[in-house]
$ cat data.txt   # compact mmCIF, N, CA and C atoms
# COMPACT_ATOMS: atom_id res chain seq x y z
N ASP H 6 31.43 -6.18 -11.02
CA ASP H 6 32.13 -5.77 -9.81
C ASP H 6 31.64 -6.57 -8.60
N ALA H 7 30.30 -6.81 -8.55
CA ALA H 7 29.75 -7.52 -7.40
C ALA H 7 30.28 -8.96 -7.32
N VAL H 8 30.39 -9.63 -8.46
CA VAL H 8 30.93 -11.00 -8.46
C VAL H 8 32.38 -10.99 -8.01
N ASP H 9 33.14 -10.04 -8.50
CA ASP H 9 34.54 -9.94 -8.07
C ASP H 9 34.64 -9.70 -6.56
N ASN H 10 33.80 -8.82 -6.03
CA ASN H 10 33.81 -8.56 -4.59
C ASN H 10 33.37 -9.79 -3.81
N MET H 11 32.37 -10.53 -4.32
CA MET H 11 31.92 -11.75 -3.66
C MET H 11 33.07 -12.76 -3.58
N GLU H 12 33.78 -12.93 -4.68
CA GLU H 12 34.91 -13.86 -4.70
C GLU H 12 36.02 -13.38 -3.78
N LEU H 13 36.20 -12.07 -3.70
CA LEU H 13 37.26 -11.51 -2.86
C LEU H 13 37.03 -11.81 -1.38
N VAL H 14 35.78 -11.73 -0.93
CA VAL H 14 35.49 -12.01 0.48
C VAL H 14 35.26 -13.49 0.74
N GLY H 15 35.09 -14.30 -0.32
CA GLY H 15 34.96 -15.74 -0.17
C GLY H 15 33.58 -16.22 0.23
N HIS H 16 32.54 -15.44 -0.06
CA HIS H 16 31.18 -15.84 0.28
C HIS H 16 30.47 -16.42 -0.94
N ASP H 17 29.32 -17.07 -0.71
CA ASP H 17 28.52 -17.63 -1.79
C ASP H 17 27.50 -16.62 -2.32
N PHE H 18 27.36 -15.48 -1.64
CA PHE H 18 26.43 -14.44 -2.08
C PHE H 18 27.01 -13.08 -1.71
N TYR H 19 26.48 -12.02 -2.35
CA TYR H 19 26.98 -10.67 -2.09
C TYR H 19 25.84 -9.68 -2.32
N LEU H 20 25.49 -8.91 -1.30
CA LEU H 20 24.45 -7.90 -1.38
C LEU H 20 25.06 -6.60 -1.84
N PHE H 21 24.43 -5.96 -2.84
CA PHE H 21 24.94 -4.69 -3.37
C PHE H 21 23.79 -3.83 -3.85
N ILE H 22 24.05 -2.54 -4.06
CA ILE H 22 23.07 -1.62 -4.63
C ILE H 22 23.40 -1.47 -6.11
N ASP H 23 22.45 -1.83 -6.96
CA ASP H 23 22.63 -1.73 -8.40
C ASP H 23 22.67 -0.25 -8.79
N THR H 24 23.78 0.20 -9.34
CA THR H 24 23.92 1.62 -9.67
C THR H 24 23.01 2.04 -10.81
N ALA H 25 22.63 1.12 -11.69
CA ALA H 25 21.75 1.47 -12.81
C ALA H 25 20.32 1.72 -12.35
N THR H 26 19.84 0.94 -11.37
CA THR H 26 18.45 1.06 -10.92
C THR H 26 18.31 1.61 -9.51
N GLY H 27 19.37 1.55 -8.73
CA GLY H 27 19.32 2.01 -7.34
C GLY H 27 18.64 1.04 -6.40
N THR H 28 18.39 -0.19 -6.84
CA THR H 28 17.70 -1.18 -6.01
C THR H 28 18.70 -2.15 -5.38
N PRO H 29 18.39 -2.63 -4.19
CA PRO H 29 19.24 -3.67 -3.59
C PRO H 29 19.15 -4.95 -4.42
N SER H 30 20.28 -5.59 -4.61
CA SER H 30 20.34 -6.83 -5.38
C SER H 30 21.35 -7.76 -4.72
N VAL H 31 21.24 -9.04 -5.05
CA VAL H 31 22.16 -10.05 -4.53
C VAL H 31 22.66 -10.88 -5.69
N ASP H 32 23.97 -11.05 -5.77
CA ASP H 32 24.48 -12.05 -6.71
C ASP H 32 24.90 -13.26 -5.89
N TYR H 33 24.78 -14.43 -6.49
CA TYR H 33 25.06 -15.66 -5.77
C TYR H 33 25.69 -16.69 -6.71
N ARG H 34 26.41 -17.62 -6.10
CA ARG H 34 27.07 -18.68 -6.86
C ARG H 34 26.12 -19.86 -6.97
N ARG H 35 25.96 -20.35 -8.19
CA ARG H 35 25.14 -21.55 -8.43
C ARG H 35 26.06 -22.75 -8.53
N ARG H 36 25.46 -23.92 -8.67
CA ARG H 36 26.26 -25.12 -8.92
C ARG H 36 26.94 -24.99 -10.27
N GLY H 37 28.10 -25.57 -10.38
CA GLY H 37 28.82 -25.53 -11.65
C GLY H 37 29.53 -24.22 -11.91
N TRP H 38 29.72 -23.42 -10.87
CA TRP H 38 30.44 -22.15 -10.96
C TRP H 38 29.80 -21.15 -11.92
N THR H 39 28.47 -21.14 -11.96
CA THR H 39 27.77 -20.08 -12.66
C THR H 39 27.20 -19.14 -11.60
N TYR H 40 26.71 -17.99 -12.01
CA TYR H 40 26.24 -16.99 -11.07
C TYR H 40 24.83 -16.55 -11.41
N GLY H 41 24.11 -16.07 -10.42
CA GLY H 41 22.76 -15.54 -10.60
C GLY H 41 22.62 -14.22 -9.87
N VAL H 42 21.58 -13.47 -10.23
CA VAL H 42 21.30 -12.19 -9.58
C VAL H 42 19.83 -12.15 -9.19
N ILE H 43 19.56 -11.72 -7.98
CA ILE H 43 18.20 -11.50 -7.50
C ILE H 43 18.07 -10.02 -7.23
N SER H 44 17.05 -9.39 -7.81
CA SER H 44 16.80 -7.97 -7.60
C SER H 44 15.39 -7.77 -7.08
N LEU H 45 15.21 -6.75 -6.26
CA LEU H 45 13.88 -6.43 -5.75
C LEU H 45 13.07 -5.73 -6.84
N ASP H 46 11.76 -5.97 -6.83
CA ASP H 46 10.86 -5.32 -7.77
C ASP H 46 10.30 -4.08 -7.08
N ALA H 47 10.70 -2.90 -7.55
CA ALA H 47 10.25 -1.65 -6.94
C ALA H 47 8.76 -1.42 -7.12
N ASN H 48 8.15 -2.05 -8.10
CA ASN H 48 6.72 -1.86 -8.38
C ASN H 48 5.84 -2.86 -7.64
N CYS H 49 6.41 -3.71 -6.81
CA CYS H 49 5.66 -4.72 -6.09
C CYS H 49 4.94 -4.07 -4.90
N ASP H 50 3.67 -4.38 -4.74
CA ASP H 50 2.94 -3.90 -3.58
C ASP H 50 2.42 -5.09 -2.78
N GLU H 51 1.79 -4.81 -1.65
CA GLU H 51 1.36 -5.89 -0.75
C GLU H 51 0.28 -6.78 -1.34
N LYS H 52 -0.46 -6.29 -2.31
CA LYS H 52 -1.56 -7.06 -2.88
C LYS H 52 -1.16 -7.77 -4.17
N SER H 53 0.09 -7.79 -4.49
CA SER H 53 0.53 -8.43 -5.73
C SER H 53 0.48 -9.95 -5.61
N THR H 54 0.51 -10.61 -6.74
CA THR H 54 0.48 -12.07 -6.78
C THR H 54 1.70 -12.67 -6.10
N ALA H 55 2.86 -12.08 -6.32
CA ALA H 55 4.08 -12.61 -5.72
C ALA H 55 4.00 -12.57 -4.20
N GLN H 56 3.45 -11.49 -3.66
CA GLN H 56 3.33 -11.37 -2.21
C GLN H 56 2.37 -12.42 -1.67
N SER H 57 1.24 -12.63 -2.33
CA SER H 57 0.28 -13.62 -1.84
C SER H 57 0.84 -15.03 -1.95
N GLU H 58 1.64 -15.30 -2.98
CA GLU H 58 2.28 -16.61 -3.09
C GLU H 58 3.29 -16.82 -1.97
N LEU H 59 4.01 -15.76 -1.59
CA LEU H 59 4.97 -15.86 -0.52
C LEU H 59 4.27 -16.14 0.80
N VAL H 60 3.18 -15.47 1.07
CA VAL H 60 2.42 -15.69 2.30
C VAL H 60 1.88 -17.11 2.33
N ALA H 61 1.39 -17.61 1.20
CA ALA H 61 0.88 -18.98 1.14
C ALA H 61 2.01 -19.98 1.38
N TYR H 62 3.19 -19.70 0.87
CA TYR H 62 4.34 -20.60 1.05
C TYR H 62 4.74 -20.67 2.51
N ARG H 63 4.70 -19.53 3.20
CA ARG H 63 5.14 -19.49 4.60
C ARG H 63 4.14 -20.17 5.54
N SER H 64 2.87 -20.25 5.15
CA SER H 64 1.88 -20.82 6.08
C SER H 64 1.72 -22.31 5.94

$ encode --input "data.txt" --output "structure tokens"
Amino acid sequence: DAVDNMELVGHDFYLFIDTATGTPSVDYRRRGWTYGVISLDANCDEKSTAQSELVAYRS
């Protein structure tokens, strides 16, 4: 449904709430007309590896 809605509005991405998990997610168009999904990790905390990698990337 999210991909159909994304195509309907003509955007390259679409933010939606995943009904199965209740988490915010984004679907997006890749090169070659394929699609991807990014979902938030509900178990992620501030001291996780992903968070520290993000902070290192931004600095």

$ atom_distance --input "data.txt" --atom1 "atom C of H:Asn48" --atom2 "atom N of H:Arg36"
28.8 Å

$ atom_distance --input "data.txt" --atom1 "atom N of H:Arg35" --atom2 "atom N of H:His16"
11.6 Å

$ axis_aligned_box --input "data.txt" --around "stretch 23-34 of chain H" --padding-each-side "5 Å" --output "JSON"
{"center_x": 22.4, "center_y": -8.9, "center_z": -8.2, "size_x": 19.4, "size_y": 31.9, "size_z": 19.2}

$ closest_residue --input "data.txt" --among "H:Asp6, H:Asp17, H:Glu12, H:Asp46" --to "H:Arg34" --atoms "only N, CA and C atoms"
H:Asp17

$ residues_around --input "data.txt" --residues "H:Val31" --least-positions-apart "2" --cutoff "6.5 Å" --atoms "all atoms listed in the file" --output "short mmCIF file (atom, residue, chain, number, x, y, z; two decimals) with N, CA and C atoms, in the coordinates of the input"
data_model
loop_
_atom_site.label_atom_id
_atom_site.label_comp_id
_atom_site.auth_asym_id
_atom_site.auth_seq_id
_atom_site.Cartn_x
_atom_site.Cartn_y
_atom_site.Cartn_z
N PHE H 18 27.36 -15.48 -1.64
CA PHE H 18 26.43 -14.44 -2.08
C PHE H 18 27.01 -13.08 -1.71
N TYR H 19 26.48 -12.02 -2.35
CA TYR H 19 26.98 -10.67 -2.09
C TYR H 19 25.84 -9.68 -2.32
N LEU H 20 25.49 -8.91 -1.30
CA LEU H 20 24.45 -7.90 -1.38
C LEU H 20 25.06 -6.60 -1.84
N PHE H 21 24.43 -5.96 -2.84
CA PHE H 21 24.94 -4.69 -3.37
C PHE H 21 23.79 -3.83 -3.85
N PRO H 29 18.39 -2.63 -4.19
CA PRO H 29 19.24 -3.67 -3.59
C PRO H 29 19.15 -4.95 -4.42
N TYR H 33 24.78 -14.43 -6.49
CA TYR H 33 25.06 -15.66 -5.77
C TYR H 33 25.69 -16.69 -6.71
N GLY H 41 24.11 -16.07 -10.42
CA GLY H 41 22.76 -15.54 -10.60
C GLY H 41 22.62 -14.22 -9.87
N VAL H 42 21.58 -13.47 -10.23
CA VAL H 42 21.30 -12.19 -9.58
C VAL H 42 19.83 -12.15 -9.19
N ILE H 43 19.56 -11.72 -7.98
CA ILE H 43 18.20 -11.50 -7.50
C ILE H 43 18.07 -10.02 -7.23
N SER H 44 17.05 -9.39 -7.81
CA SER H 44 16.80 -7.97 -7.60
C SER H 44 15.39 -7.77 -7.08
#

$ atom_distance --input "data.txt" --atom1 "atom CA of H:Gly15" --atom2 "atom C of H:Asp32"
11.8 Å

$ select_by_dssp --input "data.txt" --residues "stretch 12-46 of chain H" --states "strand (DSSP E or B)" --output "PDB file with N, CA and C atoms, in the frame of the given file"
ATOM      1  N   PHE H  18      27.360 -15.480  -1.640  1.00  0.00           N
ATOM      2  CA  PHE H  18      26.430 -14.440  -2.080  1.00  0.00           C
ATOM      3  C   PHE H  18      27.010 -13.080  -1.710  1.00  0.00           C
ATOM      4  N   TYR H  19      26.480 -12.020  -2.350  1.00  0.00           N
ATOM      5  CA  TYR H  19      26.980 -10.670  -2.090  1.00  0.00           C
ATOM      6  C   TYR H  19      25.840  -9.680  -2.320  1.00  0.00           C
ATOM      7  N   LEU H  20      25.490  -8.910  -1.300  1.00  0.00           N
ATOM      8  CA  LEU H  20      24.450  -7.900  -1.380  1.00  0.00           C
ATOM      9  C   LEU H  20      25.060  -6.600  -1.840  1.00  0.00           C
ATOM     10  N   PHE H  21      24.430  -5.960  -2.840  1.00  0.00           N
ATOM     11  CA  PHE H  21      24.940  -4.690  -3.370  1.00  0.00           C
ATOM     12  C   PHE H  21      23.790  -3.830  -3.850  1.00  0.00           C
ATOM     13  N   ILE H  22      24.050  -2.540  -4.060  1.00  0.00           N
ATOM     14  CA  ILE H  22      23.070  -1.620  -4.630  1.00  0.00           C
ATOM     15  C   ILE H  22      23.400  -1.470  -6.110  1.00  0.00           C
ATOM     16  N   PRO H  29      18.390  -2.630  -4.190  1.00  0.00           N
ATOM     17  CA  PRO H  29      19.240  -3.670  -3.590  1.00  0.00           C
ATOM     18  C   PRO H  29      19.150  -4.950  -4.420  1.00  0.00           C
ATOM     19  N   SER H  30      20.280  -5.590  -4.610  1.00  0.00           N
ATOM     20  CA  SER H  30      20.340  -6.830  -5.380  1.00  0.00           C
ATOM     21  C   SER H  30      21.350  -7.760  -4.720  1.00  0.00           C
ATOM     22  N   VAL H  31      21.240  -9.040  -5.050  1.00  0.00           N
ATOM     23  CA  VAL H  31      22.160 -10.050  -4.530  1.00  0.00           C
ATOM     24  C   VAL H  31      22.660 -10.880  -5.690  1.00  0.00           C
ATOM     25  N   ASP H  32      23.970 -11.050  -5.770  1.00  0.00           N
ATOM     26  CA  ASP H  32      24.480 -12.050  -6.710  1.00  0.00           C
ATOM     27  C   ASP H  32      24.900 -13.260  -5.890  1.00  0.00           C
ATOM     28  N   TYR H  33      24.780 -14.430  -6.490  1.00  0.00           N
ATOM     29  CA  TYR H  33      25.060 -15.660  -5.770  1.00  0.00           C
ATOM     30  C   TYR H  33      25.690 -16.690  -6.710  1.00  0.00           C
ATOM     31  N   ARG H  34      26.410 -17.620  -6.100  1.00  0.00           N
ATOM     32  CA  ARG H  34      27.070 -18.680  -6.860  1.00  0.00           C
ATOM     33  C   ARG H  34      26.120 -19.860  -6.970  1.00  0.00           C
ATOM     34  N   TYR H  40      26.710 -17.990 -12.010  1.00  0.00           N
ATOM     35  CA  TYR H  40      26.240 -16.990 -11.070  1.00  0.00           C
ATOM     36  C   TYR H  40      24.830 -16.550 -11.410  1.00  0.00           C
ATOM     37  N   GLY H  41      24.110 -16.070 -10.420  1.00  0.00           N
ATOM     38  CA  GLY H  41      22.760 -15.540 -10.600  1.00  0.00           C
ATOM     39  C   GLY H  41      22.620 -14.220  -9.870  1.00  0.00           C
ATOM     40  N   VAL H  42      21.580 -13.470 -10.230  1.00  0.00           N
ATOM     41  CA  VAL H  42      21.300 -12.190  -9.580  1.00  0.00           C
ATOM     42  C   VAL H  42      19.830 -12.150  -9.190  1.00  0.00           C
ATOM     43  N   ILE H  43      19.560 -11.720  -7.980  1.00  0.00           N
ATOM     44  CA  ILE H  43      18.200 -11.500  -7.500  1.00  0.00           C
ATOM     45  C   ILE H  43      18.070 -10.020  -7.230  1.00  0.00           C
ATOM     46  N   SER H  44      17.050  -9.390  -7.810  1.00  0.00           N
ATOM     47  CA  SER H  44      16.800  -7.970  -7.600  1.00  0.00           C
ATOM     48  C   SER H  44      15.390  -7.770  -7.080  1.00  0.00           C
TER      49      SER H  44
END

$ select_by_dssp --input "data.txt" --residues "stretch 9-43 of chain H" --states "helix (DSSP H, G or I)" --output "PyMOL selection string"
chain H and resi 9-14
